[in-house]
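S.K.: Please find one structure pasted underneath; my questions will follow.
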Amino acid sequence: MPEFDLLVIGGGPGGYVAAIRMAQRGLSVAVVEKERPGGVCLNWGCIPTKAMLRSAEVLETVRAAADYGVFAENLTFDYATVLQRKESIVKELTDGVASLLAANGVTTITGHARFIGPTTVEVHEVGPAPLGPGGPGYAAPPTTPIRRVSGRDVIIATGSVPVHLPVPGADLPGVITSDGAFGLTEVPGRIVIVGGSAVGVEWASLFAAFGSEVTIVETQNRLVPAEDSDIGAALGRSFAKRGITVLTGSMVAAIAEADTLRVTVEGAQARELAADVVLVGVGRRPNIADLALDIAGVATDARGFIAVDEKLRTSAENVYAIGDVTGKALLAHVASHQGLTAADVIAGHEAHIDYTVIPAATFTHPEIASVGLTEDAARAAGHDVLTARFPFAALGRAKSFGDTEGFMKIVAGQKHQEILGVHIIGPSASELIAEGALAMSMEATLDELADTIHAHPTLGEIGMETALAALGLPVHIAPRKR
């Protein structure tokens, strides 16, 4: 007989949510995790970066305090305190997850899991290594495991790790990944960030606020290339105003060490850059090293991620995978939803995930958020497209708030006026995108969004106003010339 009804490998957002859901159904559940619970999100991603970005936001707000009639003299900041605040928040949340697991009767086992059978693992004691340039490291598992544990069903939820840059000099001191950036004890004077996607632009926004000379190198022709082209262009203009250098259509070919790091950039904007730190943010790969997936019969896809079907089932019977290891969408909220879905499937309920309505947020200044199809993707999919934009500058609340940069853009079908995508750059974009996600989930049309009464004065009015603009009936901006 299996020792547990469910064995979860990995205690990230998806893993612990699945564990709690199954425990609430009265089943015996164990979670094997080699570091603090919460996974990448709580320890190396969502939460710590947002805590530090909040410190940067407060600093920039106080710098502009005179615009509000408030005068702050001798303004300084202490980066060590920024890090201490971040760590305090992370510890409080990870401790909270541990308490939730315990309160729901979930057994937590600390160590590294390695399959020795279809649903059985050996758990090896893992000693944390010092935080290195690549991020957190771990000592190799010892020869003798500390215990064996099995489950009737198994969920793999081990997350992802940063991709390393395959160029000469990428292993030099001072070349770090996004995880390794947390090991910096002071703000770098000059930093080159490789990759202009969500991870790279968030660190760029943060270090620019703290006074670093920031250069971003991106291979595509704009920042955040997964976002709508108008959003990427707007972020590029905003970063330029803030003094952040953006080299698009370019790539880092080599890194050398002299008096400083010397970064060779090739492509459309070729040059050599001097840097104190090079931060590599070019993507993430599945964290499946030394899991012995082959012994369990778990197959991976062409990209190296664990292959799953619409119900999160792997190629191995009774083995499921959720979160970043599946490569579906490397977002904590997707992992959590996958965890709940997998738990429901295991419990015998009908469940699946609609990946077409997944909101995403990037916490730059200005913020970015989106859901659904970009304009280019909608056209490529064969839609006859209708688009409209509405600027935050036309909102009274944005004026009084003191943050008018950016806009909302709606992509809709021309014939039925169904909402295909919503894209925002500007204040509170990460909060405002929820209305767009709900509208798409409910298959709402432009007139339904426009006819919904929104509170005034709010930033949220931008949804109604953008829908009105798309209908050709804008009230608070001039109509587009036809």
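Residue numbering restarts at 1 in every chain; chains get A, B, ... in the order shown in the structure tokens, and ligands count up from 1 in that same order.
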DSSP on the backbone: which residues in region 201-402 of chain A end up as strand (DSSP E or B)? Give the answer as a compact mmCIF listing (two decimals) with N, CA, C and O atoms, in the first residue's frame.

M.R.:
```txt
# COMPACT_ATOMS: atom_id res chain seq x y z
N GLU A 213 23.44 52.96 -13.74
CA GLU A 213 23.45 53.23 -15.17
C GLU A 213 23.07 51.92 -15.85
O GLU A 213 23.84 50.95 -15.82
N VAL A 214 21.89 51.86 -16.45
CA VAL A 214 21.32 50.59 -16.92
C VAL A 214 21.29 50.53 -18.45
O VAL A 214 20.86 51.48 -19.11
N THR A 215 21.76 49.41 -18.99
CA THR A 215 21.64 49.13 -20.42
C THR A 215 20.98 47.77 -20.60
O THR A 215 21.39 46.80 -19.97
N ILE A 216 19.96 47.71 -21.44
CA ILE A 216 19.28 46.45 -21.76
C ILE A 216 19.64 46.04 -23.18
O ILE A 216 19.58 46.86 -24.10
N VAL A 217 20.00 44.77 -23.35
CA VAL A 217 20.29 44.23 -24.68
C VAL A 217 19.23 43.19 -25.00
O VAL A 217 19.09 42.19 -24.28
N GLU A 218 18.47 43.41 -26.06
CA GLU A 218 17.35 42.53 -26.43
C GLU A 218 17.46 42.14 -27.90
O GLU A 218 17.65 43.00 -28.76
N THR A 245 19.26 52.86 -21.25
CA THR A 245 19.65 52.61 -22.63
C THR A 245 19.10 51.25 -23.07
O THR A 245 19.29 50.25 -22.38
N VAL A 246 18.43 51.23 -24.21
CA VAL A 246 17.84 49.99 -24.73
C VAL A 246 18.43 49.70 -26.10
O VAL A 246 18.30 50.51 -27.02
N LEU A 247 19.10 48.56 -26.23
CA LEU A 247 19.70 48.13 -27.49
C LEU A 247 18.89 46.97 -28.03
O LEU A 247 19.08 45.81 -27.62
N THR A 248 17.95 47.25 -28.92
CA THR A 248 17.12 46.19 -29.51
C THR A 248 17.78 45.67 -30.79
O THR A 248 18.67 46.31 -31.35
N SER A 250 19.75 43.31 -31.01
CA SER A 250 21.16 43.09 -30.69
C SER A 250 21.31 41.93 -29.72
O SER A 250 20.36 41.53 -29.05
N MET A 251 22.53 41.41 -29.61
CA MET A 251 22.77 40.29 -28.71
C MET A 251 24.17 40.39 -28.11
O MET A 251 25.08 40.96 -28.71
N VAL A 252 24.31 39.85 -26.91
CA VAL A 252 25.62 39.79 -26.27
C VAL A 252 26.38 38.61 -26.85
O VAL A 252 25.91 37.47 -26.79
N ALA A 253 27.55 38.88 -27.43
CA ALA A 253 28.35 37.83 -28.07
C ALA A 253 29.46 37.31 -27.17
O ALA A 253 29.90 36.17 -27.31
N ALA A 254 29.93 38.14 -26.25
CA ALA A 254 31.03 37.73 -25.37
C ALA A 254 31.13 38.69 -24.19
O ALA A 254 30.68 39.84 -24.27
N ILE A 255 31.70 38.17 -23.11
CA ILE A 255 31.97 38.99 -21.93
C ILE A 255 33.42 38.74 -21.53
O ILE A 255 33.86 37.59 -21.46
N ALA A 256 34.16 39.80 -21.30
CA ALA A 256 35.56 39.68 -20.91
C ALA A 256 35.79 40.44 -19.62
O ALA A 256 35.01 41.32 -19.25
N GLU A 257 36.89 40.10 -18.97
CA GLU A 257 37.21 40.74 -17.69
C GLU A 257 38.48 41.56 -17.86
O GLU A 257 39.53 41.05 -18.26
N LEU A 261 33.99 44.54 -16.29
CA LEU A 261 33.48 43.60 -17.28
C LEU A 261 33.30 44.33 -18.60
O LEU A 261 32.79 45.46 -18.63
N ARG A 262 33.73 43.72 -19.69
CA ARG A 262 33.58 44.30 -21.02
C ARG A 262 32.62 43.41 -21.80
O ARG A 262 32.87 42.22 -22.01
N VAL A 263 31.51 44.00 -22.23
CA VAL A 263 30.45 43.25 -22.88
C VAL A 263 30.42 43.60 -24.36
O VAL A 263 30.23 44.76 -24.73
N THR A 264 30.63 42.59 -25.21
CA THR A 264 30.61 42.79 -26.65
C THR A 264 29.19 42.56 -27.17
O THR A 264 28.63 41.47 -27.01
N VAL A 265 28.62 43.58 -27.78
CA VAL A 265 27.26 43.51 -28.32
C VAL A 265 27.33 43.52 -29.84
O VAL A 265 27.99 44.38 -30.43
N GLU A 266 26.65 42.55 -30.45
CA GLU A 266 26.59 42.47 -31.90
C GLU A 266 25.16 42.66 -32.37
O GLU A 266 24.22 42.47 -31.60
N GLY A 267 25.00 43.05 -33.64
CA GLY A 267 23.66 43.23 -34.19
C GLY A 267 23.42 44.66 -34.63
O GLY A 267 24.35 45.40 -34.98
N ARG A 271 28.28 47.38 -30.21
CA ARG A 271 29.20 48.22 -29.44
C ARG A 271 29.83 47.41 -28.33
O ARG A 271 29.46 46.25 -28.11
N GLU A 272 30.74 48.03 -27.61
CA GLU A 272 31.31 47.39 -26.41
C GLU A 272 30.89 48.20 -25.20
O GLU A 272 30.97 49.43 -25.20
N LEU A 273 30.42 47.50 -24.16
CA LEU A 273 29.92 48.16 -22.97
C LEU A 273 30.79 47.80 -21.76
O LEU A 273 31.26 46.67 -21.64
N ALA A 274 30.97 48.75 -20.89
CA ALA A 274 31.64 48.50 -19.61
C ALA A 274 30.57 48.32 -18.55
O ALA A 274 29.58 49.04 -18.51
N ALA A 275 30.78 47.33 -17.69
CA ALA A 275 29.77 47.04 -16.67
C ALA A 275 30.42 46.53 -15.40
O ALA A 275 31.46 45.87 -15.43
N VAL A 277 28.29 44.83 -13.32
CA VAL A 277 27.49 43.61 -13.20
C VAL A 277 26.79 43.35 -14.53
O VAL A 277 26.31 44.29 -15.18
N VAL A 278 26.73 42.08 -14.93
CA VAL A 278 25.92 41.67 -16.09
C VAL A 278 24.85 40.72 -15.56
O VAL A 278 25.15 39.68 -14.97
N LEU A 279 23.59 41.10 -15.74
CA LEU A 279 22.47 40.29 -15.27
C LEU A 279 21.83 39.59 -16.46
O LEU A 279 21.38 40.24 -17.40
N VAL A 280 21.80 38.27 -16.42
CA VAL A 280 21.25 37.48 -17.51
C VAL A 280 19.79 37.12 -17.20
O VAL A 280 19.51 36.43 -16.22
N ARG A 284 13.86 30.84 -18.61
CA ARG A 284 13.97 29.82 -17.57
C ARG A 284 13.77 28.44 -18.18
O ARG A 284 13.12 28.30 -19.21
N ARG A 285 14.33 27.45 -17.54
CA ARG A 285 14.21 26.07 -17.99
C ARG A 285 13.65 25.22 -16.85
O ARG A 285 13.73 25.61 -15.68
N PRO A 286 13.07 24.05 -17.16
CA PRO A 286 12.45 23.25 -16.11
C PRO A 286 13.47 22.73 -15.10
O PRO A 286 14.58 22.35 -15.46
N THR A 300 9.46 14.05 -21.57
CA THR A 300 9.56 15.50 -21.76
C THR A 300 9.31 15.83 -23.23
O THR A 300 9.42 14.96 -24.10
N ILE A 306 8.21 18.93 -19.02
CA ILE A 306 7.43 17.71 -18.86
C ILE A 306 6.15 17.81 -19.68
O ILE A 306 5.40 18.79 -19.56
N ARG A 313 -1.97 15.29 -16.84
CA ARG A 313 -1.43 13.94 -16.73
C ARG A 313 -0.16 13.81 -17.57
O ARG A 313 -0.11 14.28 -18.70
N VAL A 319 0.91 9.85 -12.44
CA VAL A 319 1.89 10.93 -12.23
C VAL A 319 1.44 12.16 -13.01
O VAL A 319 1.19 12.09 -14.23
N TYR A 320 1.35 13.28 -12.33
CA TYR A 320 0.90 14.55 -12.90
C TYR A 320 2.04 15.57 -12.79
O TYR A 320 2.96 15.42 -11.99
N ALA A 321 1.96 16.63 -13.57
CA ALA A 321 2.93 17.72 -13.47
C ALA A 321 2.21 19.04 -13.60
O ALA A 321 1.25 19.17 -14.37
N ALA A 360 -1.41 38.44 -17.39
CA ALA A 360 0.00 38.54 -17.02
C ALA A 360 0.31 39.97 -16.64
O ALA A 360 -0.32 40.90 -17.15
N ALA A 361 1.24 40.15 -15.72
CA ALA A 361 1.61 41.50 -15.27
C ALA A 361 3.12 41.61 -15.16
O ALA A 361 3.79 40.67 -14.73
N THR A 362 3.63 42.76 -15.56
CA THR A 362 5.05 43.07 -15.43
C THR A 362 5.15 44.35 -14.61
O THR A 362 4.56 45.38 -14.96
N ILE A 368 2.84 47.03 -16.64
CA ILE A 368 2.27 46.43 -17.85
C ILE A 368 1.39 45.26 -17.43
O ILE A 368 1.73 44.51 -16.52
N ALA A 369 0.26 45.10 -18.09
CA ALA A 369 -0.58 43.93 -17.86
C ALA A 369 -1.35 43.62 -19.14
O ALA A 369 -1.66 44.52 -19.93
N SER A 370 -1.64 42.34 -19.34
CA SER A 370 -2.33 41.96 -20.57
C SER A 370 -3.08 40.65 -20.37
O SER A 370 -2.78 39.87 -19.46
N VAL A 371 -4.05 40.42 -21.24
CA VAL A 371 -4.76 39.15 -21.30
C VAL A 371 -5.26 38.97 -22.73
O VAL A 371 -5.64 39.94 -23.39
N GLY A 372 -5.22 37.74 -23.22
CA GLY A 372 -5.75 37.48 -24.55
C GLY A 372 -4.76 37.76 -25.66
O GLY A 372 -3.54 37.80 -25.45
N VAL A 385 -10.01 42.55 -37.29
CA VAL A 385 -9.73 43.17 -35.99
C VAL A 385 -10.16 44.62 -35.91
O VAL A 385 -9.99 45.41 -36.86
N LEU A 386 -10.69 44.97 -34.74
CA LEU A 386 -11.01 46.34 -34.37
C LEU A 386 -10.20 46.67 -33.13
O LEU A 386 -10.16 45.88 -32.17
N THR A 387 -9.50 47.80 -33.11
CA THR A 387 -8.72 48.18 -31.94
C THR A 387 -9.03 49.61 -31.52
O THR A 387 -9.49 50.42 -32.33
N ALA A 388 -8.76 49.89 -30.25
CA ALA A 388 -8.92 51.26 -29.73
C ALA A 388 -8.01 51.43 -28.53
O ALA A 388 -7.70 50.47 -27.82
N ARG A 389 -7.60 52.68 -28.31
CA ARG A 389 -6.77 53.03 -27.14
C ARG A 389 -7.40 54.19 -26.41
O ARG A 389 -8.06 55.04 -27.00
N PHE A 390 -7.16 54.21 -25.09
CA PHE A 390 -7.60 55.35 -24.29
C PHE A 390 -6.47 55.69 -23.33
O PHE A 390 -5.97 54.81 -22.61
N PRO A 391 -6.06 56.96 -23.26
CA PRO A 391 -4.91 57.34 -22.43
C PRO A 391 -5.30 57.60 -20.97
O PRO A 391 -6.38 58.12 -20.68
```

S.K.: So which residues touch Asp384 (chain A) within 9 Å, counting only C-alpha atoms, skipping near sequence neighbours fewer than 5 positions away, as a VMD selection string?

M.R.: chain A and resid 378 to 379 412 to 415

S.K.: For Tyr355 (chain A), find every residue with an atom within 10 Å (counting only C-alpha atoms), except residues of its own chain fewer than 5 positions away, and show them as a ChimeraX atom specification.

M.R.: /A:310,328-329,334,372

S.K.: Would you export the selected residues with N, CA and C atoms as a PDB file, in the first residue's frame, please?

M.R.:
```pdb
ATOM      1  N   GLU A 310      -4.412  17.879 -21.258  1.00  0.00           N
ATOM      2  CA  GLU A 310      -5.267  18.957 -20.757  1.00  0.00           C
ATOM      3  C   GLU A 310      -5.676  18.776 -19.295  1.00  0.00           C
ATOM      4  N   LYS A 328       3.799  25.496 -19.863  1.00  0.00           N
ATOM      5  CA  LYS A 328       2.564  26.059 -20.434  1.00  0.00           C
ATOM      6  C   LYS A 328       2.547  27.581 -20.339  1.00  0.00           C
ATOM      7  N   ALA A 329       2.774  28.083 -19.155  1.00  0.00           N
ATOM      8  CA  ALA A 329       2.871  29.527 -18.906  1.00  0.00           C
ATOM      9  C   ALA A 329       3.597  29.670 -17.581  1.00  0.00           C
ATOM     10  N   VAL A 334      -0.826  30.668 -12.755  1.00  0.00           N
ATOM     11  CA  VAL A 334      -1.149  29.521 -13.598  1.00  0.00           C
ATOM     12  C   VAL A 334      -0.801  28.231 -12.869  1.00  0.00           C
ATOM     13  N   GLY A 372      -5.223  37.743 -23.223  1.00  0.00           N
ATOM     14  CA  GLY A 372      -5.746  37.481 -24.549  1.00  0.00           C
ATOM     15  C   GLY A 372      -4.759  37.755 -25.659  1.00  0.00           C
TER      16      GLY A 372
END
```

S.K.: Hey, what's within 10 Å of region 436-445 of chain A if we count only C-alpha atoms and toss same-chain stuff fewer than 4 positions away? As a list in words, please?

M.R.: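 Listing them by chain and then by number gives Asp354, Thr356, Val357, Ile358, Pro359, Ala360, Ala369, Ser370, Val371, Gly372, Ile410, Ala412, Gly413, His416, Gln417, Glu418, Ile419, Leu420, Gly421, Val422, His423, Ile424, Leu432, Leu449, Ala450, Gly463 and Ala467 of chain A.
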
S.K.: Residues near region 172-189 of chain A, anyone? I mean within 10 Å using only C-alpha atoms, not counting same-chain ones fewer than 3 positions away, as a PyMOL selection string.

M.R.: chain A and resi 40+43-45+48-49+52+78-80+83+86-87+130-137+161-165+168-169+192-194+199-200+203+206-208+210-214+255-257+260-261+275-284
